[in-house]
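Structure file run10.txt with compact mmCIF, C-alpha atoms:
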```txt
# COMPACT_ATOMS: atom_id res chain seq x y z
CA MET A 100 16.64 29.64 13.07
CA GLY A 101 19.44 27.08 13.28
CA PHE A 102 18.52 23.54 12.28
CA ASP A 103 19.29 20.23 13.93
CA CYS A 104 18.48 18.41 10.70
CA GLU A 105 16.87 18.79 7.33
CA VAL A 106 14.32 16.00 7.87
CA ALA A 107 12.85 14.71 11.12
CA VAL A 108 11.10 11.35 10.82
CA VAL A 109 8.51 10.64 13.52
CA GLY A 110 8.30 6.89 14.13
CA GLY A 111 11.00 4.26 14.48
CA GLY A 112 9.15 1.39 12.87
CA ILE A 113 10.12 -0.20 9.59
CA VAL A 114 8.45 2.48 7.42
CA GLY A 115 10.13 5.37 9.23
CA LEU A 116 13.51 3.65 9.15
CA SER A 117 13.20 2.67 5.49
CA THR A 118 12.40 6.32 4.75
CA ALA A 119 15.56 7.41 6.57
CA TYR A 120 17.53 4.82 4.59
CA ALA A 121 16.02 5.97 1.28
CA LEU A 122 16.84 9.60 2.12
CA SER A 123 20.46 8.64 2.75
CA LEU A 124 20.67 6.93 -0.65
CA ALA A 125 19.05 9.87 -2.44
CA ASP A 126 21.16 12.53 -0.67
CA PRO A 127 24.07 11.12 1.34
CA GLY A 128 24.82 14.47 2.97
CA LEU A 129 21.30 15.03 4.29
CA ARG A 130 20.94 15.28 8.06
CA VAL A 131 18.08 13.08 9.29
CA ILE A 132 16.82 12.52 12.83
CA VAL A 133 14.44 9.66 13.64
CA LEU A 134 12.22 10.24 16.69
CA GLU A 135 10.81 7.17 18.47
CA LYS A 136 8.81 7.42 21.68
CA GLU A 137 9.67 3.90 22.84
CA PRO A 138 13.07 3.03 24.34
CA ALA A 139 13.79 0.72 21.39
CA LEU A 140 13.05 0.66 17.66
CA ALA A 141 10.39 -1.54 16.01
CA ALA A 142 8.45 -1.91 19.28
CA HIS A 143 4.94 -2.16 17.86
CA GLN A 144 3.68 -3.31 14.45
CA THR A 145 7.15 -4.06 13.05
CA GLY A 146 8.14 -6.20 16.01
CA ARG A 147 4.84 -8.03 16.33
CA ASN A 148 3.97 -9.19 12.83
CA SER A 149 4.15 -12.68 11.37
CA GLY A 150 7.44 -12.21 9.54
CA VAL A 151 5.84 -13.14 6.21
CA VAL A 152 7.27 -11.58 3.05
CA HIS A 153 4.11 -11.26 0.96
CA SER A 154 3.93 -11.89 -2.77
CA GLY A 155 1.28 -9.27 -3.63
CA LEU A 156 -1.22 -11.93 -4.69
CA TYR A 157 -4.27 -10.44 -2.95
CA TYR A 158 -3.93 -6.85 -4.06
CA ARG A 159 -5.82 -5.12 -6.85
CA PRO A 160 -3.70 -4.60 -9.97
CA GLY A 161 -2.75 -0.96 -10.27
CA SER A 162 -2.93 -0.30 -6.53
CA LEU A 163 0.08 0.92 -4.58
CA LYS A 164 -0.19 -2.20 -2.41
CA ALA A 165 0.16 -4.47 -5.43
CA ARG A 166 3.05 -2.57 -6.99
CA PHE A 167 4.93 -2.05 -3.74
CA ALA A 168 4.41 -5.64 -2.55
CA VAL A 169 5.61 -7.24 -5.78
CA GLU A 170 8.62 -4.90 -6.03
CA GLY A 171 9.26 -4.93 -2.30
CA GLY A 172 9.18 -8.68 -1.87
CA ARG A 173 11.87 -9.17 -4.49
CA GLU A 174 13.98 -6.30 -3.18
CA LEU A 175 13.65 -7.41 0.43
CA ALA A 176 14.85 -10.92 -0.36
CA GLU A 177 17.90 -9.44 -2.08
CA PHE A 178 18.47 -6.97 0.77
CA CYS A 179 18.45 -9.79 3.32
CA ARG A 180 20.96 -11.77 1.25
CA GLU A 181 23.25 -8.76 0.86
CA GLN A 182 23.11 -7.88 4.57
CA GLY A 183 23.34 -11.45 5.84
CA LEU A 184 19.90 -11.28 7.46
CA PRO A 185 17.69 -14.36 7.99
CA TYR A 186 15.40 -15.12 5.07
CA GLN A 187 13.68 -18.29 3.85
CA ALA A 188 11.79 -18.74 0.60
CA THR A 189 8.93 -20.93 1.78
CA GLY A 190 6.15 -20.48 -0.75
CA LYS A 191 2.57 -20.68 0.47
CA LEU A 192 -0.71 -22.45 -0.17
CA VAL A 193 -4.02 -20.63 -0.46
CA VAL A 194 -6.60 -23.31 0.25
CA ALA A 195 -10.26 -23.59 -0.75
CA THR A 196 -12.17 -25.73 1.73
CA ASP A 197 -15.53 -25.74 -0.09
CA SER A 198 -16.83 -25.32 -3.62
CA ALA A 199 -18.17 -21.80 -2.99
CA GLU A 200 -14.57 -20.60 -2.69
CA LEU A 201 -13.40 -22.03 -6.02
CA PRO A 202 -14.32 -19.01 -8.19
CA ARG A 203 -12.41 -16.72 -5.82
CA LEU A 204 -9.43 -19.09 -5.86
CA HIS A 205 -9.37 -19.10 -9.67
CA ALA A 206 -9.63 -15.30 -9.69
CA LEU A 207 -6.63 -15.13 -7.35
CA ALA A 208 -4.67 -17.36 -9.72
CA GLN A 209 -5.43 -15.02 -12.59
CA ARG A 210 -4.45 -12.01 -10.50
CA GLY A 211 -1.19 -13.70 -9.58
CA ARG A 212 -0.38 -14.22 -13.23
CA GLU A 213 -1.15 -10.56 -13.96
CA HIS A 214 1.41 -9.67 -11.28
CA GLY A 215 3.96 -12.02 -12.82
CA LEU A 216 3.99 -14.33 -9.79
CA PRO A 217 4.91 -18.04 -9.92
CA VAL A 218 1.49 -19.57 -9.22
CA ARG A 219 0.22 -23.13 -9.64
CA GLU A 220 -3.38 -24.32 -9.29
CA LEU A 221 -3.53 -27.64 -7.45
CA GLY A 222 -6.01 -30.37 -6.67
CA PRO A 223 -5.96 -32.43 -3.46
CA ALA A 224 -3.07 -34.62 -4.64
CA GLY A 225 -0.96 -31.60 -5.56
CA MET A 226 -1.76 -29.96 -2.22
CA ALA A 227 -0.60 -33.03 -0.36
CA GLU A 228 2.85 -32.75 -1.91
CA TYR A 229 3.31 -29.46 -0.05
CA GLU A 230 1.06 -29.85 3.00
CA PRO A 231 -0.11 -33.45 3.56
CA ARG A 232 -2.06 -32.60 6.75
CA VAL A 233 -3.98 -29.64 5.34
CA ALA A 234 -7.58 -30.16 4.19
CA GLY A 235 -9.10 -28.63 1.10
CA ILE A 236 -10.58 -29.35 -2.29
CA ALA A 237 -8.19 -27.12 -4.26
CA ALA A 238 -5.32 -24.76 -3.63
CA LEU A 239 -3.06 -22.19 -5.18
CA HIS A 240 0.69 -22.46 -4.60
CA VAL A 241 2.59 -19.16 -4.66
CA GLY A 242 6.32 -19.70 -4.88
CA SER A 243 7.46 -16.12 -4.21
CA THR A 244 6.38 -15.93 -0.56
CA GLY A 245 8.95 -16.14 2.24
CA ILE A 246 9.71 -15.27 5.85
CA CYS A 247 12.27 -12.96 7.41
CA ASP A 248 13.16 -11.12 10.64
CA TYR A 249 11.57 -7.68 10.29
CA PRO A 250 13.05 -6.16 13.47
CA ALA A 251 16.50 -7.12 12.13
CA VAL A 252 15.64 -5.53 8.78
CA ALA A 253 14.52 -2.35 10.55
CA GLU A 254 17.74 -2.21 12.55
CA ALA A 255 19.72 -2.62 9.32
CA TYR A 256 17.85 0.30 7.74
CA ALA A 257 18.64 2.42 10.81
CA LYS A 258 22.34 1.56 10.70
CA LEU A 259 22.74 1.99 6.95
CA SER A 260 20.85 5.30 6.94
CA GLY A 261 23.39 7.03 9.16
CA ALA A 262 20.45 8.89 10.72
CA GLN A 263 20.60 10.09 14.29
CA VAL A 264 18.09 7.93 16.17
CA ARG A 265 16.55 9.39 19.32
CA THR A 266 14.49 6.94 21.35
CA GLY A 267 12.44 7.42 24.50
CA GLY A 268 10.92 10.79 23.60
CA ALA A 269 7.30 11.18 22.54
CA VAL A 270 6.32 14.04 20.23
CA THR A 271 4.15 16.56 22.09
CA GLY A 272 3.91 19.43 19.64
CA ILE A 273 4.73 20.49 16.08
CA ALA A 274 5.00 24.20 15.22
CA ARG A 275 5.61 25.52 11.72
CA ARG A 276 7.92 28.53 11.44
CA ALA A 277 8.68 30.80 8.51
CA ASP A 278 11.62 28.68 7.44
CA GLY A 279 11.14 25.37 9.23
CA VAL A 280 9.40 23.32 11.88
CA THR A 281 9.99 22.90 15.60
CA VAL A 282 9.11 19.46 16.96
CA ALA A 283 8.69 19.33 20.73
CA THR A 284 9.26 16.00 22.46
CA THR A 285 9.28 14.86 26.07
CA LEU A 286 13.09 14.99 25.91
CA ALA A 287 14.01 18.02 23.80
CA GLU A 288 13.06 20.14 20.82
CA VAL A 289 14.17 19.32 17.30
CA ARG A 290 14.48 22.09 14.73
CA THR A 291 14.03 20.78 11.21
CA ARG A 292 13.08 21.93 7.75
CA VAL A 293 10.63 19.06 7.04
CA VAL A 294 8.71 16.61 9.22
CA VAL A 295 7.82 13.12 7.98
CA ASN A 296 5.08 11.38 9.93
CA CYS A 297 5.53 7.60 10.02
CA ALA A 298 3.93 7.17 13.43
CA GLY A 299 1.75 4.15 12.60
CA LEU A 300 -0.77 3.72 15.39
CA HIS A 301 -0.52 7.44 16.17
CA SER A 302 -0.19 8.84 12.65
CA ASP A 303 -3.52 10.70 12.72
CA ARG A 304 -2.59 12.36 16.01
CA ILE A 305 0.79 13.50 14.70
CA ALA A 306 -0.97 14.99 11.65
CA LEU A 307 -3.36 16.87 13.94
CA LEU A 308 -0.45 18.13 16.07
CA ALA A 309 1.00 19.61 12.89
CA GLY A 310 -2.31 21.34 12.17
CA ASP A 311 -3.18 19.04 9.29
CA GLU A 312 -6.62 17.36 9.32
CA PRO A 313 -6.01 13.82 8.02
CA GLY A 314 -9.66 13.09 7.20
CA VAL A 315 -9.33 9.64 8.78
CA ARG A 316 -8.78 8.25 12.25
CA ILE A 317 -6.79 5.24 13.35
CA VAL A 318 -9.07 2.54 14.76
CA PRO A 319 -6.96 -0.19 16.38
CA PHE A 320 -7.73 -3.86 15.76
CA ARG A 321 -5.93 -6.50 17.76
CA GLY A 322 -4.76 -9.61 15.99
CA GLU A 323 -4.62 -12.50 18.45
CA TYR A 324 -2.46 -15.54 17.79
CA TYR A 325 -1.88 -19.01 19.09
CA GLU A 326 1.14 -21.12 18.25
CA LEU A 327 1.26 -24.84 17.76
CA ALA A 328 2.73 -26.79 20.66
CA PRO A 329 6.14 -28.32 19.79
CA GLU A 330 4.70 -31.80 19.27
CA ALA A 331 2.14 -30.43 16.78
CA ARG A 332 4.47 -28.32 14.64
CA LYS A 333 5.00 -31.23 12.25
CA LEU A 334 1.43 -30.73 11.05
CA VAL A 335 2.47 -27.67 9.01
CA ARG A 336 5.47 -27.40 6.70
CA GLY A 337 5.21 -23.79 5.48
CA LEU A 338 2.53 -21.11 5.10
CA VAL A 339 -1.16 -21.96 4.70
CA TYR A 340 -3.85 -19.34 4.06
CA PRO A 341 -7.62 -19.43 3.49
CA VAL A 342 -9.25 -17.93 0.42
CA PRO A 343 -10.02 -14.35 1.50
CA ASP A 344 -13.63 -13.29 1.93
CA PRO A 345 -14.20 -10.06 -0.06
CA ALA A 346 -17.08 -9.13 2.27
CA PHE A 347 -14.73 -8.95 5.28
CA PRO A 348 -11.74 -6.60 5.41
CA PHE A 349 -9.42 -8.99 7.27
CA LEU A 350 -7.75 -12.11 5.95
CA GLY A 351 -8.87 -14.73 8.45
CA VAL A 352 -7.03 -17.38 10.45
CA HIS A 353 -3.95 -18.75 8.70
CA LEU A 354 -0.89 -20.83 9.59
CA THR A 355 2.62 -19.43 9.32
CA ARG A 356 5.92 -21.09 10.13
CA ASP A 357 8.62 -18.78 11.50
CA LEU A 358 12.40 -18.72 11.22
CA HIS A 359 12.80 -20.61 14.50
CA GLY A 360 10.61 -23.57 13.55
CA GLY A 361 7.49 -22.38 15.36
CA VAL A 362 4.06 -22.26 13.72
CA HIS A 363 1.59 -19.47 14.45
CA ALA A 364 -2.16 -19.75 13.96
CA GLY A 365 -4.17 -16.59 13.55
CA PRO A 366 -4.86 -13.82 13.72
CA ASN A 367 -8.41 -13.00 14.47
CA ALA A 368 -9.31 -9.29 14.35
CA VAL A 369 -11.06 -7.68 17.31
CA PRO A 370 -11.39 -4.02 18.32
CA ALA A 371 -8.60 -3.08 20.71
CA LEU A 372 -9.44 -0.96 23.74
CA ALA A 373 -6.18 0.97 23.35
CA ARG A 374 -3.96 1.78 20.41
CA GLU A 375 -1.31 -0.34 22.07
CA GLY A 376 -3.84 -2.74 23.58
CA TYR A 377 -2.26 -6.15 23.15
CA ASP A 378 -4.77 -7.86 25.46
CA TRP A 379 -8.28 -7.26 26.83
CA ARG A 380 -6.85 -5.93 30.11
CA THR A 381 -5.20 -2.93 28.47
CA VAL A 382 -7.68 -0.06 28.25
CA SER A 383 -6.94 3.56 27.34
CA PRO A 384 -9.87 5.91 28.04
CA ARG A 385 -8.36 8.45 25.65
CA ASP A 386 -7.98 5.92 22.82
CA LEU A 387 -11.39 4.41 23.42
CA ALA A 388 -13.02 7.84 23.43
CA GLY A 389 -11.27 8.66 20.18
CA THR A 390 -12.58 5.50 18.54
CA LEU A 391 -16.14 5.94 19.82
CA GLY A 392 -16.15 9.64 19.01
CA TRP A 393 -15.33 9.05 15.33
CA SER A 394 -18.49 8.60 13.29
CA GLY A 395 -16.70 6.24 10.92
CA SER A 396 -16.26 3.71 13.72
CA TRP A 397 -20.01 3.36 14.17
CA ARG A 398 -20.61 3.09 10.42
CA LEU A 399 -17.88 0.46 10.18
CA GLY A 400 -19.45 -1.53 13.01
CA ALA A 401 -22.90 -1.36 11.41
CA ARG A 402 -21.47 -2.67 8.15
CA HIS A 403 -19.48 -5.60 9.54
CA TRP A 404 -21.13 -6.53 12.84
CA ARG A 405 -21.88 -10.13 11.81
CA SER A 406 -18.30 -10.88 10.87
CA GLU A 407 -16.96 -9.05 13.90
CA THR A 408 -19.26 -11.05 16.19
CA ALA A 409 -17.60 -14.22 14.90
CA GLU A 410 -14.16 -12.68 15.48
CA LEU A 411 -15.08 -11.77 19.06
CA ARG A 412 -16.33 -15.29 19.66
CA ARG A 413 -12.98 -16.72 18.55
CA SER A 414 -11.24 -14.23 20.83
CA LEU A 415 -13.22 -15.23 23.90
CA SER A 416 -13.44 -18.98 23.19
CA LYS A 417 -10.42 -21.17 22.52
CA ARG A 418 -12.79 -23.87 21.30
CA ALA A 419 -14.18 -21.50 18.66
CA PHE A 420 -10.66 -20.46 17.62
CA THR A 421 -9.66 -24.11 17.33
CA ALA A 422 -12.66 -24.75 15.11
CA GLY A 423 -11.43 -21.98 12.79
CA VAL A 424 -7.98 -23.57 12.63
CA ARG A 425 -9.44 -27.03 12.00
CA ARG A 426 -11.07 -25.87 8.76
CA LEU A 427 -7.54 -25.89 7.34
CA LEU A 428 -5.84 -28.32 9.72
CA PRO A 429 -8.30 -31.03 10.86
CA ASP A 430 -5.73 -32.83 13.02
CA CYS A 431 -5.22 -29.79 15.24
CA ALA A 432 -6.75 -30.25 18.69
CA GLU A 433 -7.49 -27.59 21.28
CA ARG A 434 -4.57 -28.83 23.40
CA ASP A 435 -2.22 -28.19 20.46
CA LEU A 436 -2.73 -24.42 20.61
CA VAL A 437 -0.68 -22.27 23.01
CA PRO A 438 -1.39 -18.51 23.42
CA ALA A 439 1.16 -16.30 21.64
CA ALA A 440 1.90 -12.57 21.49
CA ALA A 441 -0.72 -10.38 19.84
CA GLY A 442 -0.30 -7.44 17.49
CA VAL A 443 -2.38 -4.33 16.85
CA ARG A 444 -3.21 -3.18 13.34
CA ALA A 445 -3.34 0.57 12.76
CA GLN A 446 -6.42 0.73 10.54
CA ALA A 447 -7.31 4.09 9.05
CA VAL A 448 -11.09 4.54 8.91
CA ALA A 449 -12.79 7.30 6.92
CA ARG A 450 -15.74 9.30 8.19
CA ASP A 451 -18.14 7.22 6.09
CA GLY A 452 -16.99 4.01 7.78
CA SER A 453 -14.88 2.75 4.90
CA LEU A 454 -11.52 1.18 5.61
CA LEU A 455 -8.62 2.65 3.71
CA ASP A 456 -7.44 -0.37 1.77
CA ASP A 457 -4.35 1.10 0.13
CA PHE A 458 -1.37 3.11 1.28
CA ALA A 459 -2.39 6.70 1.90
CA PHE A 460 -0.21 9.81 2.06
CA ALA A 461 -0.95 13.47 2.68
CA GLU A 462 1.20 16.53 2.33
CA ALA A 463 1.12 20.09 3.61
CA PRO A 464 3.83 22.77 3.75
CA ARG A 465 6.91 21.17 5.33
CA THR A 466 5.06 18.00 6.34
CA VAL A 467 4.56 14.56 4.79
CA HIS A 468 2.15 12.15 6.48
CA VAL A 469 1.88 8.38 6.01
CA LEU A 470 -1.76 8.02 7.05
CA ASN A 471 -2.27 4.36 6.22
CA ALA A 472 0.41 1.69 5.91
CA PRO A 473 -1.44 -1.63 6.08
CA SER A 474 -0.06 -5.05 5.36
CA PRO A 475 2.11 -5.50 3.28
CA ALA A 476 3.95 -2.42 4.58
CA ALA A 477 6.86 -4.40 6.01
CA THR A 478 7.26 -6.45 2.82
CA ALA A 479 7.06 -3.27 0.75
CA SER A 480 9.24 -1.18 3.04
CA LEU A 481 11.98 -0.45 0.49
CA PRO A 482 9.69 1.01 -2.23
CA ILE A 483 7.53 2.72 0.40
CA GLY A 484 10.62 4.32 1.88
CA ARG A 485 11.61 5.63 -1.54
CA GLU A 486 8.12 7.03 -2.11
CA VAL A 487 8.04 8.83 1.22
CA ALA A 488 11.60 10.07 0.75
CA ARG A 489 10.67 11.43 -2.68
CA ARG A 490 7.84 13.41 -1.13
CA ALA A 491 10.06 14.65 1.70
CA LEU A 492 12.75 15.85 -0.72
CA ALA A 493 10.09 17.64 -2.78
CA ALA A 494 8.86 19.39 0.39
CA LEU A 495 12.44 20.32 1.22
CA ALA A 496 13.01 21.75 -2.26
CA ALA A 497 9.76 23.74 -2.04
CA GLY A 498 11.18 25.54 0.99
```
Represent the structure of the file as structure tokens.
Amino acid sequence: MGFDCEVAVVGGGIVGLSTAYALSLADPGLRVIVLEKEPALAAHQTGRNSGVVHSGLYYRPGSLKARFAVEGGRELAEFCREQGLPYQATGKLVVATDSAELPRLHALAQRGREHGLPVRELGPAGMAEYEPRVAGIAALHVGSTGICDYPAVAEAYAKLSGAQVRTGGAVTGIARRADGVTVATTLAEVRTRVVVNCAGLHSDRIALLAGDEPGVRIVPFRGEYYELAPEARKLVRGLVYPVPDPAFPFLGVHLTRDLHGGVHAGPNAVPALAREGYDWRTVSPRDLAGTLGWSGSWRLGARHWRSETAELRRSLSKRAFTAGVRRLLPDCAERDLVPAAAGVRAQAVARDGSLLDDFAFAEAPRTVHVLNAPSPAATASLPIGREVARRALAALAAG
């Protein structure tokens, strides 16, 4: 059959667009089409994250997350400078608020050194030099953290890639042929040699459409944010994080300044009632049935119900959310917090209830699937794009 392109990328978020960009660098003559169901690019996770360029501090040495975050953070800062995109090197504080957290804080410092990061362990006086209104008994300062405009980065990848971008058409079917793949969308068919699945919140469904069992399902978790009212923004200078709890898979409420001078507080992590459920009013029976019908969801709930109960309480009670913020920022009052836009995390959950913690890929003839791209996917988008492009080119060469 005739081909519209050599590679069709499903998903116009930052991972899909970085893949298209990486393909263009590896093979400038390659024809690539990016398929995005929304009318604009970067409409979901890319356009709704905190804008933080992560250092890689939290991630296990040897993991893809650690390697990609450390490499990606440095490369992204350089990319923003080269392309004239907004970027600020802010640094961040990881704050211990009680003595039980000190061993974990020290372990993070050691991990940071293993990653080659600029880390400093601080007492209360040292903390006050960076964040005088933040409470804690000790902290870790990480100098290689920053903030940027991820939708602008994604748009730059799209432009530089030279790929044909088709928005407004959802993928409805994927059929393998003897020499290629036909991708049906709500707008038109695309005939390609290889399909790359970077569909984020719908990545498991795209894999299933291609006839590939991913072995995981996406369970959506909504991250709800507040922002500090203008008169309270002076309370925070940069980025302030708690010491992560290894027993809970999410990071906890933190404080992040953005490029426009605003300060966000959050997120909590609550089950979303739709894959694109950015509030409690948005319910998708199909998505909810998919979550409840996956055995891993029930096993996950049984394992973390205590922590998730606390998250739900913070979601339903502004007073409870404020109390979480005040652990780090005692001067923050309930009136200082204004509701802000939420995001939804595409969390891949295995059948046994375990959360996939690292990036996960799967391959089949003529298909490459990105099954899990958790934070720090945006930070690590350049090395992730190269990795996915490498797999796509190998699939193309295999015929």
Give me, as number ranges by chain, all polymer residues having an atom no more than 12 Å from Gly361 of chain A, counting only C-alpha atoms and skipping those fewer than 2 positions away in the same chain. A: 149-150, 325-338, 354-359, 363-364, 436-437, 439
With a distance cut-off of 12 Å and all atoms listed in the file, select the neighbouring residues of Ala168 of chain A, excluding the residue or stretch itself and same-chain residues fewer than 5 positions from it, and output the selection as an mmCIF file with C-alpha atoms, in the frame of the given file.
```cif
data_model
loop_
_atom_site.group_PDB
_atom_site.id
_atom_site.type_symbol
_atom_site.label_atom_id
_atom_site.label_comp_id
_atom_site.auth_asym_id
_atom_site.auth_seq_id
_atom_site.Cartn_x
_atom_site.Cartn_y
_atom_site.Cartn_z
ATOM 1 C CA VAL A 151 5.840 -13.140 6.210
ATOM 2 C CA VAL A 152 7.270 -11.580 3.050
ATOM 3 C CA HIS A 153 4.110 -11.260 0.960
ATOM 4 C CA SER A 154 3.930 -11.890 -2.770
ATOM 5 C CA GLY A 155 1.280 -9.270 -3.630
ATOM 6 C CA LEU A 156 -1.220 -11.930 -4.690
ATOM 7 C CA TYR A 157 -4.270 -10.440 -2.950
ATOM 8 C CA TYR A 158 -3.930 -6.850 -4.060
ATOM 9 C CA ARG A 159 -5.820 -5.120 -6.850
ATOM 10 C CA PRO A 160 -3.700 -4.600 -9.970
ATOM 11 C CA GLY A 161 -2.750 -0.960 -10.270
ATOM 12 C CA SER A 162 -2.930 -0.300 -6.530
ATOM 13 C CA LEU A 163 0.080 0.920 -4.580
ATOM 14 C CA ARG A 173 11.870 -9.170 -4.490
ATOM 15 C CA GLU A 174 13.980 -6.300 -3.180
ATOM 16 C CA LEU A 175 13.650 -7.410 0.430
ATOM 17 C CA ALA A 176 14.850 -10.920 -0.360
ATOM 18 C CA HIS A 214 1.410 -9.670 -11.280
ATOM 19 C CA LEU A 216 3.990 -14.330 -9.790
ATOM 20 C CA SER A 243 7.460 -16.120 -4.210
ATOM 21 C CA THR A 244 6.380 -15.930 -0.560
ATOM 22 C CA ASP A 457 -4.350 1.100 0.130
ATOM 23 C CA PHE A 458 -1.370 3.110 1.280
ATOM 24 C CA ALA A 472 0.410 1.690 5.910
ATOM 25 C CA PRO A 473 -1.440 -1.630 6.080
ATOM 26 C CA SER A 474 -0.060 -5.050 5.360
ATOM 27 C CA PRO A 475 2.110 -5.500 3.280
ATOM 28 C CA ALA A 476 3.950 -2.420 4.580
ATOM 29 C CA ALA A 477 6.860 -4.400 6.010
ATOM 30 C CA THR A 478 7.260 -6.450 2.820
ATOM 31 C CA ALA A 479 7.060 -3.270 0.750
ATOM 32 C CA SER A 480 9.240 -1.180 3.040
ATOM 33 C CA LEU A 481 11.980 -0.450 0.490
ATOM 34 C CA PRO A 482 9.690 1.010 -2.230
ATOM 35 C CA ILE A 483 7.530 2.720 0.400
#
```
Of the candidates A:Leu124, A:Ala269, A:Leu427, A:Ala142, which one gets nearest to Leu192 of chain A if we count all atoms listed in the file?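 Of A:Leu124, A:Ala269, A:Leu427, A:Ala142, the one nearest Leu192 of chain A is A:Leu427, counting all atoms listed in the file.
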Best match for closeness to Ala368 of chain A among A:Glu410, A:Asp126, A:Glu254, A:Asp311, counting all atoms listed in the file: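 So, comparing all the options, the nearest one is A:Glu410.
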Hey, which bits of segment 167-227 of chain A sit within 12 Å of segment 412-426 of chain A, and for each residue what's the closest pair of atoms and how far apart in Å (one decimal), counting only C-alpha atoms, rows by chain and increasing number, as a tab-separated table?
```
residue	atom	partner	partner_atom	distance
A:Val194	CA	A:Arg426	CA	9.9
A:Ala195	CA	A:Arg426	CA	9.8
A:Thr196	CA	A:Arg426	CA	7.1
A:Asp197	CA	A:Arg426	CA	9.9
```
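Proximity of A:Pro217, A:Gly392, A:Gly128, A:Gly110 to Ala257 of chain A, computed with all atoms listed in the file, is greatest for A:Gly110.
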Between atom CA of His403 of chain A and atom CA of Tyr324 of chain A, distance in Å (one decimal):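 Answer for the atom CA of His403 of chain A to atom CA of Tyr324 of chain A separation: 21.4 Å.
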Could you work out how far atom CA of Asp435 of chain A lies from atom CA of Thr381 of chain A, giving the answer in Å with one decimal?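 Atom CA of Thr381 of chain A sits 26.7 Å away from atom CA of Asp435 of chain A.
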